[in-house]
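Asks: Let me begin by handing over the structure; questions about it come next.
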Number of protein chains: 2
Amino acid sequence: MDLMSRQMARPGGRSARVQAAVHEAVRELGAEVGRDAVTVPMVAQRAGVTPSTIYRRWGDLQALLSDVAVERLRPDTEPKDHGALSADLTVWAEQFLDEMASPAGRAYIRDALLGDPDGSNAGQCSVYAAEQIDVVLARAKGRGESTPAVETVIDRVVAPLMYRILFRPDGIDAAYARRLVTEVLGTTG
Amino acid sequence: MDLMSRQMARPGGRSARVQAAVHEAVRELGAEVGRDAVTVPMVAQRAGVTPSTIYRRWGDLQALLSDVAVERLRPDTEPKDHGALSADLTVWAEQFLDEMASPAGRAYIRDALLGDPDGSNAGQCSVYAAEQIDVVLARAKGRGESTPAVETVIDRVVAPLMYRILFRPDGIDAAYARRLVTEVLGTTG
DNA sequence: GCGCTAAAAGCAACATGTTTGCTTTAGTGG
DNA sequence: CCACTAAAGCAAACATGTTGCTTTTAGCGC
């Protein structure tokens with residue numbers, strides 16, 4: 001059944017099935033009863049496993065939620081090609097803001113940051129963003145456009161957006177995202 | 001003082017003593033056994049109150065930790081005056097990075113972001129940073145220096161630092177902080 | 001000062017969540 | 001096909017979180 005073949009490098013093992021079932025249970029329950037009401041015993045029952053299995057594999061609820069959050073924050077498609085760097089970056093930034101600034105998006109980000117002592121899950125989120133930007137910039141270079149460095153875009157666009165999403169939920173909108181993109185492109189041309 | 005004026009019907013009374021005792025217990029236990037090992041019953045015992053008091057006032061451990069975290073993230077002194085905007089900002093950014101990027105600092109930031117559904121605690125952190133920057137910029141204006149806007153400094157210095165602290169703990173150092181300051185000042189002069 | 005009032009803390013019983021030793025099962029390689 | 005190992009199940013001990021009711025105490029009018 002495709003319940004068990006969802007995103008697995010090596011389908012077939014029992015552990016793999018359990019992980020898939022547990023992740024799916026978290027997603028379903030999160031949608032049904034709200035993220036804050038999800039408990040380990042609840043997830044276990046839905047996934048058809050015992051709570052101790054979850055505790056032993058993930059340690060606690062937070063680590064599990066962090067896992068699932070990173071999975072959801074992974075972009076599922078490449079950024080669309082609009083024929084020009086400014087258009088590509090602008091659209092990407094607007095969409096990024098849209099997804100991340102929603103209550104659900106903020107909850108995922110917080111979950112990813114949490115239950116993540118070594119920062120590896122949060123780091124993964126940053127990698128996703130960097131990859132997307134890299135695609136956009138590489139495409140622009142292919143067209144002969146001059147582009148800022150990936151790091152510059154992260155510093156000047158992603159970081160300000162994320163800072164405001166996390167620390168100042170008010171007063172953030174698409175116009176702000178567009179302004180950041182315009183400014184970073186203005187720097188290099 | 002604002003430690004006891006947060007949401008208190010009876011300042012100076014028993015509630016205030018309880019709050020102070022609980023906060024102190026959290027700080028002590030955090031230092032002694034590590035932040036992750038702190039539990040509500042533990043805090044209650046150390047503070048000489050019953051667990052139900054804590055649950056009723058703060059709701060859960062996370063909200064309590066969030067409270068304490070914001071308290072600790074509040075700067076205790078005004079930024080020092082070094083006679084020039086670039087020096088003031090550079091020193092401030094280095095110190096900010098130093099405090100925030102430490103394991104303890106990161107834990108406080110995460111706690112502040114957490115158990116904070118409405119974002120008010122996290123928002124407070126941002127306000128602290130903005131206030132400090134405002135002092136530095138006002139002083140520079142008083143000397144006749146031209147300065148960037150507070151918002152600009154937040155976008156170009158604070159946000160990138162915070163983004164890296166949270167999402168990419170590796171590869172962040174004082175030199176990076178200094179570069180950010182140099183760049184933002186280069187923009188306006 | 002003296003009680004009255006109401007907000008907050010204490011208490012205790014209860015519900016829920018977490019941990020752990022041991023047993024059982026499923027996948028792997030001989 | 002059998003033995004071996006890693007992971008899951010089970011159940012009981014344990015810790016944490018919740019709640020109704022009682023008691024304390026600060027603030028207030030007298």
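The way I read the labels, and the way they are meant: chains A, B, ... in the order of the structure tokens, residue 1 as the first residue of every chain, and ligand 1 as the first ligand shown, with later ones counted on from there.
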Which residues of chain B come within 12 Å of chain A, and what is each one's closest atom pair and distance in Å (one decimal), counting only C-alpha atoms, sorted by chain and residue number, as a tab-separated table?
Replies:
```
residue	atom	partner	partner_atom	distance
B:Arg35	CA	A:Pro117	CA	11.4
B:Asp36	CA	A:Pro117	CA	9.9
B:Asp60	CA	A:Asp36	CA	12.0
B:Gln62	CA	A:Leu114	CA	11.4
B:Pro103	CA	A:Pro117	CA	9.4
B:Ala104	CA	A:Pro117	CA	11.4
B:Arg106	CA	A:Pro117	CA	9.8
B:Ala107	CA	A:Pro117	CA	8.8
B:Tyr108	CA	A:Leu114	CA	11.7
B:Ile109	CA	A:Phe167	CA	10.3
B:Arg110	CA	A:Leu114	CA	7.0
B:Asp111	CA	A:Leu114	CA	8.8
B:Ala112	CA	A:Phe167	CA	9.7
B:Leu113	CA	A:Arg110	CA	7.3
B:Leu114	CA	A:Arg110	CA	7.0
B:Gly115	CA	A:Arg110	CA	9.9
B:Asp116	CA	A:Arg110	CA	10.3
B:Pro117	CA	A:Ala107	CA	9.0
B:Asp118	CA	A:Pro169	CA	8.9
B:Gly119	CA	A:Phe167	CA	6.9
B:Ser120	CA	A:Phe167	CA	8.4
B:Asn121	CA	A:Phe167	CA	8.5
B:Ala122	CA	A:Phe167	CA	5.0
B:Gly123	CA	A:Phe167	CA	4.9
B:Gln124	CA	A:Phe167	CA	8.1
B:Cys125	CA	A:Phe167	CA	7.4
B:Ser126	CA	A:Phe167	CA	6.1
B:Val127	CA	A:Phe167	CA	9.1
B:Tyr128	CA	A:Phe167	CA	11.3
B:Ala129	CA	A:Phe167	CA	11.0
B:Ala130	CA	A:Arg168	CA	11.6
B:Glu151	CA	A:Pro160	CA	10.2
B:Thr152	CA	A:Pro160	CA	9.9
B:Val153	CA	A:Pro160	CA	10.5
B:Ile154	CA	A:Pro160	CA	7.9
B:Asp155	CA	A:Pro160	CA	5.1
B:Arg156	CA	A:Arg156	CA	6.5
B:Val157	CA	A:Asp155	CA	8.7
B:Val158	CA	A:Tyr163	CA	8.4
B:Ala159	CA	A:Pro160	CA	5.1
B:Pro160	CA	A:Ala159	CA	5.1
B:Leu161	CA	A:Ala159	CA	8.3
B:Met162	CA	A:Tyr163	CA	7.1
B:Tyr163	CA	A:Ala159	CA	5.3
B:Arg164	CA	A:Ala159	CA	8.2
B:Ile165	CA	A:Gly119	CA	9.6
B:Leu166	CA	A:Ala122	CA	7.2
B:Phe167	CA	A:Gly123	CA	4.9
B:Arg168	CA	A:Gly123	CA	5.4
B:Pro169	CA	A:Gly119	CA	7.1
B:Asp170	CA	A:Gly123	CA	9.3
B:Gly171	CA	A:Gly123	CA	11.9
B:Tyr176	CA	A:Asp155	CA	11.1
B:Ala177	CA	A:Asp155	CA	11.6
B:Arg179	CA	A:Asp155	CA	11.7
B:Leu180	CA	A:Asp155	CA	9.2
B:Glu183	CA	A:Thr187	CA	11.2
B:Val184	CA	A:Arg156	CA	10.8
B:Gly186	CA	A:Thr187	CA	11.8
B:Thr187	CA	A:Thr187	CA	9.8
```
Asks: When you look at C:DG30 with a cut-off of 10 Å (counting only C-alpha atoms (C1' of nucleotides)), what residues show up, excluding the ones that are within fewer than 4 positions of it in the same chain? I need them as a compact mmCIF listing (two decimals) with N, CA and C atoms (P, O5', C5', C4', C3', O3' and C1' of nucleotides), in the first residue's frame.
Replies:
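Once everything was written out, this is part-v2.txt:
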```txt
# COMPACT_ATOMS: atom_id res chain seq x y z
P DC D 2 14.33 -25.26 10.13
O5' DC D 2 15.53 -24.60 10.92
C5' DC D 2 16.87 -25.04 10.71
C4' DC D 2 17.83 -24.00 11.23
C3' DC D 2 17.46 -23.40 12.58
O3' DC D 2 18.62 -23.40 13.41
C1' DC D 2 17.80 -21.67 11.00
P DA D 3 18.58 -23.09 14.91
O5' DA D 3 19.50 -21.80 14.99
C5' DA D 3 20.83 -21.86 14.49
C4' DA D 3 21.40 -20.46 14.45
C3' DA D 3 21.29 -19.70 15.77
O3' DA D 3 22.51 -18.99 15.96
C1' DA D 3 20.18 -18.48 14.07
P DC D 4 22.81 -18.14 17.24
O5' DC D 4 22.67 -16.67 16.65
C5' DC D 4 23.36 -16.32 15.44
C4' DC D 4 23.06 -14.86 15.11
C3' DC D 4 23.01 -13.95 16.35
O3' DC D 4 23.77 -12.78 16.09
C1' DC D 4 20.99 -13.76 15.07
```
Asks: If you run DSSP on this backbone, which residues of chain A come out as helix (DSSP H, G or I), and could you give them as a PyMOL selection string?
Replies: chain A and resi 14-33+35-37+40-47+51-58+61-73+85-101+103-113+120-142+150-167+174-188
Asks: Select residues of chain C: the criterion is any atom within 9 Å of an atom of chain B, counting only C-alpha atoms (C1' of nucleotides); output as a PyMOL selection string.
Replies: chain C and resi 7-11
Asks: What does the C-alpha RMSD come to when chain A is least-squares superposed onto chain B, all C-alpha atoms paired in sequence order?
Replies: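 Once chain A is fitted onto chain B, the C-alpha RMSD works out to 2.7 Å.
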Asks: C:DT25: which residues within 10 Å, counting only C-alpha atoms (C1' of nucleotides), same-chain residues fewer than 4 positions away excluded, as a list in words?
Replies: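 Residues meeting the cut-off are DA7, DA8 and DG9 of chain D.
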Asks: Would you mind listing, as a PyMOL selection string, all residues of chain D that have at least one atom within 8 Å of chain B, where only C-alpha atoms (C1' of nucleotides) are what counts?
Replies: chain D and resi 16+25-26
Asks: Name all residues at most 10 Å from B:Ala140 (count only C-alpha atoms (C1' of nucleotides); drop same-chain ones fewer than 6 positions away) and give them as a PyMOL selection string.
Replies: chain B and resi 81+83-86+88+134+146-147
Asks: How many Å separate atom CA of B:Val91 from atom CA of B:Gly142?
Replies: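 Computing the Euclidean distance for atom CA of B:Val91 and atom CA of B:Gly142 yields 18.9 Å.
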Asks: Which distance in Å separates atom CA of A:Glu32 and atom CA of A:Thr77, to one decimal?
Replies: 26.1 Å
Asks: Excluding D:DC28 and any residue of its chain fewer than 5 positions from it, enumerate the residues within 12 Å of it, using only C-alpha atoms (C1' of nucleotides), and give them as a list in words.
Replies: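 Returned residues: DC2, DG3, DC4, DT5 and DA6 of chain C.
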Asks: Would you mind exporting C-alpha atoms (C1' of nucleotides) of the selected residues as an mmCIF file, in the first residue's frame?
Replies:
```cif
data_model
loop_
_atom_site.group_PDB
_atom_site.id
_atom_site.type_symbol
_atom_site.label_atom_id
_atom_site.label_comp_id
_atom_site.auth_asym_id
_atom_site.auth_seq_id
_atom_site.Cartn_x
_atom_site.Cartn_y
_atom_site.Cartn_z
ATOM 1 C "C1'" DC C 2 -11.412 45.330 61.956
ATOM 2 C "C1'" DG C 3 -13.749 42.450 59.399
ATOM 3 C "C1'" DC C 4 -15.264 41.704 54.476
ATOM 4 C "C1'" DT C 5 -14.215 40.360 49.792
ATOM 5 C "C1'" DA C 6 -11.993 38.360 46.100
#
```
